[in-house]
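S.K.: Just passing along the structure, written as structure tokens.
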Amino acid sequence: MAETIIKIDLNQSPYENEQIHNRWHPDIPMASMVKPGDDFIIECHDWTGGQIHNNDSADDVRDVDLTQVHFLSGPVGIEGAEPGDLLVVDILDIGTFEESQWGFNGFFSKQNGGGFLTEHFPEAQKSIWDFNGMFTKSRHIPGVEFAGLVHPGLIGCLPSKEMLAEWNKREKELYDTEPDRIPQLAALPFADTAHMGKLTGTAKQQAAAEGARTVPPREHGGNCDIKDLSRGSTIYFPVYVKDGGLSVGDLHFSQGDGEITFCGAIEMAGWIHLRVNLIKGGMEKYAIKNPIFKPSPMAPKYDDYLIFEGISVDEQGKQHYLDVQVAYRQAVLNAIEYLKKFGYTGAQAYSLLGCAPVQGHISGVVDIPNACATLWLPTDIFDFDVKPNADGPSVKVEQGADLPLSKDK
């Protein structure tokens with residue numbers, strides 16, 4: 001049996017655990033040390049550290065403190081790792097806690113985080129998903145059940161001091177172009193809620209003031225939300241500090257490409273079984289700046305899809321030039337409108353597209369002025385025929401209440 005080198009208590013605040021941190025900084029001490037070739041298990045809080053609850057109210061999503069996230073387990077040091085190396089991480093297994101067989105999907109309010117379609121869904125809502133082995137379904141979205149592809153939304157190594165300074169500089173420059181924007185353009189350092197692992201005293205205060213928030217992906221990996229990093233996948237991380245400093249968290253039971261609701265996967269607490277090795281000097285040998293990976297061979301087998309297309313023309317009819325983000329948004333909106341014809345509310349459809357195993361594709365980026373993006377919706381996740389036919393939608397899902405909606409304060 002592999003050793004569990006980082007343990008958590010779901011009844012304990014992650015701030016009480018020295019093997020947890022929620023900022024990126026090179027001075028965070030290693031929570032544990034391993035050797036190349038070792039395999040080990042790491043336990044992880046859900047990304048909010050237990051702020052979201054298994055109930056039928058979205059007030060917790062409305063009130064979530066996003067300055068706290070993400071809570072990461074680590075950093076794990078690898079003996080002999082030096083800047084310029086590649087850290088090879090094999091994901092051997094990943095799973096749920098026996099006492100926590102559920103997860104959540106949510107829309108943050110426009111005033112607190114927002115999301116991909118925040119102009120269409122500006123209020124906080126959530127769906128709860130119950131796990132049954134490899135399958136999941138939700139009391140808030142009838143008519144669907146699907147296999148999960150469990151994966152870490154966030155995994156990466158510590159940045160160097162120079163890299164951290166570059167991150168903070170470029171993100172502050174972006175933020176300053178529109179400092180009053182809601183949602184904000186970037187999540188800047190915020191010391192008040194920083195948890196810096198084993199750091200204490202003045203060193204902690206200084207690191208907390210400049211530690212990078214964990215919200216975006218960056219050159220070291222981080223919050224990439226790649227759903228195919230599941231059992232059997234391998235990741236090659238560039239190493240920027242001595243010992244590497246590998247951290248992981250934000251586990252997902254399932255997710256659609258793009259994690260379009262922002263809190264868009266089925267978020268969960270759980271554990272991950274990893275093995276590490278080193279390729280000395282691997283960054284130069286392979287010209288690697290950002291991580292590369294081999295996907296899992298164990299993806300859920302869905303072979304029949306409805307494919308929704310979007311182009312670079314926004315909801316107001318404005319033409320954009322080869323804008324893939326606009327095109328994918330239109331594909332998502334087209335899929336939502338389609339699903340509404342079967343009785344789903346817009347919120348239910350949006351939530352489903354965020355956490356079911358949908359595929360997102362960049363289908364064309366050369367035919368000016370329109371990029372083409374597509375969303376691939378697996379039809380087998382529905383317990384009725386969702387494909388078009390001459391008679392129109394013959395099945396309407398049985399509707400109870402819509403997704404829980406937060407109340408006005």
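Ordering of the structure tokens sets the chain letters (A, B, ...), residue numbers begin anew at 1 in every chain, and ligands are numbered from 1 in the order given.
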Among region 37-243 of chain A, which ones does DSSP assign to strand (DSSP E) (computed from the backbone)? Answer as an MDAnalysis selection string.

M.R.: chainID A and resid 39:44 72:78 86:96 102:107 125:132 135:138 141:147 151:157 217:218 221:222 234:238

S.K.: Excluding region 95-110 of chain A and any residue of its chain fewer than 6 positions from it, enumerate the residues within 7 Å of it, using only C-alpha atoms, and give them as a list in words.

M.R.: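 Within the cut-off, the hits are Val61, Arg62, Thr118, Pro122, Glu123, Ala124, Gln125, Lys126, Ser127, Ile128, Trp129, Asp130, Phe131, Ile182, Pro183, Thr261, Phe262, Cys263, Gly264, Ala265, Ile266, Glu267, Met268, Ala269, Gly270, Trp271, Ile272 and Ser351 of chain A.
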
S.K.: Identify which of the residues A:Leu375, A:Leu251, A:Ile141, A:Met1 lies closest to Gly346 (chain A), counting only C-alpha atoms when measuring atom-to-atom distances.

M.R.: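 Using only C-alpha atoms, Gly346 (chain A) sits closest to A:Ile141.
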
S.K.: Please measure the separation of CA of Asp314 (chain A) and CA of Lys341 (chain A), giving the value in Å to one decimal.

M.R.: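 Calculated distance between CA of Asp314 (chain A) and CA of Lys341 (chain A) is 21.9 Å.
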
S.K.: Interatomic distance between CA of Ser32 (chain A) and CA of Lys198 (chain A)?

M.R.: 10.9 Å

S.K.: DSSP on the backbone: what in region 248-405 of chain A comes out helix (DSSP H, G or I), as a PyMOL selection string?

M.R.: chain A and resi 282-285+324-340+346-355+379-381

S.K.: Separation of CA of Asp250 (chain A) and CA of Pro152 (chain A), in Å?

M.R.: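 Those two atoms sit 5.8 Å apart.
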
S.K.: Which one is closest to Val150 (chain A): A:Asp63, A:Met298, A:Gln205, A:Leu188? Count only C-alpha atoms.

M.R.: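 When distances to Val150 (chain A) are compared using only C-alpha atoms, the smallest one comes from A:Met298.
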
S.K.: Determine, counting only C-alpha atoms, which protein, DNA and RNA residues have an atom within 9 Å of an atom of region 87-91 of chain A; residues of the same chain fewer than 2 positions away are not included. Present the result as an NGL selection string.

M.R.: :A and (39 or 78 or 81 or 85 or 93-94 or 151 or 157 or 229-239 or 244 or 246 or 272-280 or 282 or 296)

S.K.: Can you tell me, as a PyMOL selection string, what residues are no more than 7 Å from region 352-362 of chain A when counting only C-alpha atoms, ignoring any on the same chain fewer than 2 positions away?

M.R.: chain A and resi 254-261+264-266+348-350+364+372-378

S.K.: Take the selection from the previous step and output its residues with C-alpha atoms, as a CSV table (one decimal), in the first residue's frame.

M.R.:
```csv
chain,number,residue,atom,x,y,z
A,254,SER,CA,-16.6,15.2,-13.9
A,255,GLN,CA,-16.2,18.2,-16.1
A,256,GLY,CA,-17.1,19.4,-19.6
A,257,ASP,CA,-14.4,21.1,-21.7
A,258,GLY,CA,-14.0,24.7,-20.7
A,259,GLU,CA,-15.5,24.3,-17.2
A,260,ILE,CA,-17.9,26.9,-18.5
A,261,THR,CA,-19.7,27.8,-15.3
A,264,GLY,CA,-18.1,24.4,-13.5
A,265,ALA,CA,-17.0,20.9,-12.7
A,266,ILE,CA,-18.5,18.6,-10.1
A,348,GLN,CA,-30.2,23.3,-15.6
A,349,ALA,CA,-28.9,23.2,-19.2
A,350,TYR,CA,-26.0,25.5,-18.3
A,364,GLY,CA,-11.6,26.6,-37.5
A,372,CYS,CA,-15.7,28.2,-35.5
A,373,ALA,CA,-16.0,26.5,-32.2
A,374,THR,CA,-18.1,23.4,-31.4
A,375,LEU,CA,-19.5,21.8,-28.3
A,376,TRP,CA,-20.0,18.0,-28.5
A,377,LEU,CA,-22.9,16.8,-26.3
A,378,PRO,CA,-23.0,13.0,-25.6
```

S.K.: When you count only C-alpha atoms, which of these residues is closest to Val34 (chain A): A:Thr4, A:Gln316, A:Thr177, A:Gln184?

M.R.: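 Looking at the shortest contact to Val34 (chain A), the residue is A:Thr4.
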
S.K.: Which is closest to Ala194 (chain A) among A:Asp65, A:Asp385, A:Asp46, A:Asp59, if we use only C-alpha atoms?

M.R.: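 That would be A:Asp65, the residue with the smallest distance to Ala194 (chain A).
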
S.K.: Would you pick out the contacts of Glu219 (chain A) at 9 Å or less, using only C-alpha atoms, so that residues sharing its chain but fewer than 3 positions from it are not included, and give the list as a ChimeraX atom specification?

M.R.: /A:159,163,222,238,289-291

S.K.: List the neighbours of Pro26 (chain A) out to 7 Å using only C-alpha atoms; skip same-chain residues closer than 6 positions along the sequence, and give me the result as a list in words.

M.R.: Leu158, Pro159, Ser160, Lys161 and Val241 of chain A

S.K.: Store the residues picked out above, limited to N, CA, C and O atoms, as a PDB file, in the first residue's frame.

M.R.:
```pdb
ATOM      1  N   LEU A 158       5.936  24.894  -7.700  1.00  0.00           N
ATOM      2  CA  LEU A 158       6.169  26.252  -7.224  1.00  0.00           C
ATOM      3  C   LEU A 158       6.939  27.082  -8.256  1.00  0.00           C
ATOM      4  O   LEU A 158       7.817  26.560  -8.948  1.00  0.00           O
ATOM      5  N   PRO A 159       6.629  28.373  -8.339  1.00  0.00           N
ATOM      6  CA  PRO A 159       7.374  29.254  -9.244  1.00  0.00           C
ATOM      7  C   PRO A 159       8.656  29.752  -8.588  1.00  0.00           C
ATOM      8  O   PRO A 159       8.784  29.771  -7.356  1.00  0.00           O
ATOM      9  N   SER A 160       9.610  30.173  -9.405  1.00  0.00           N
ATOM     10  CA  SER A 160      10.793  30.864  -8.889  1.00  0.00           C
ATOM     11  C   SER A 160      10.398  32.286  -8.488  1.00  0.00           C
ATOM     12  O   SER A 160       9.317  32.786  -8.833  1.00  0.00           O
ATOM     13  N   LYS A 161      11.293  32.976  -7.778  1.00  0.00           N
ATOM     14  CA  LYS A 161      11.030  34.372  -7.404  1.00  0.00           C
ATOM     15  C   LYS A 161      10.871  35.244  -8.648  1.00  0.00           C
ATOM     16  O   LYS A 161      10.011  36.128  -8.698  1.00  0.00           O
ATOM     17  N   VAL A 241      12.093  25.609  -9.026  1.00  0.00           N
ATOM     18  CA  VAL A 241      12.746  25.804  -7.732  1.00  0.00           C
ATOM     19  C   VAL A 241      13.365  24.485  -7.286  1.00  0.00           C
ATOM     20  O   VAL A 241      12.986  23.406  -7.754  1.00  0.00           O
TER      21      VAL A 241
END
```

S.K.: From the options A:Lys301, A:Val365, A:Leu403, A:Asp383, which residue's atoms come nearest to Thr345 (chain A), counting only C-alpha atoms?

M.R.: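 Going through A:Lys301, A:Val365, A:Leu403, A:Asp383 one by one, the smallest distance to Thr345 (chain A) is for A:Leu403.
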
S.K.: Show which residues sit within 10 Å of Tyr344 (chain A), as a PyMOL selection string. Count only C-alpha atoms, and ignore same-chain residues fewer than 2 positions away.

M.R.: chain A and resi 141-143+336-342+346-350+396-399+402
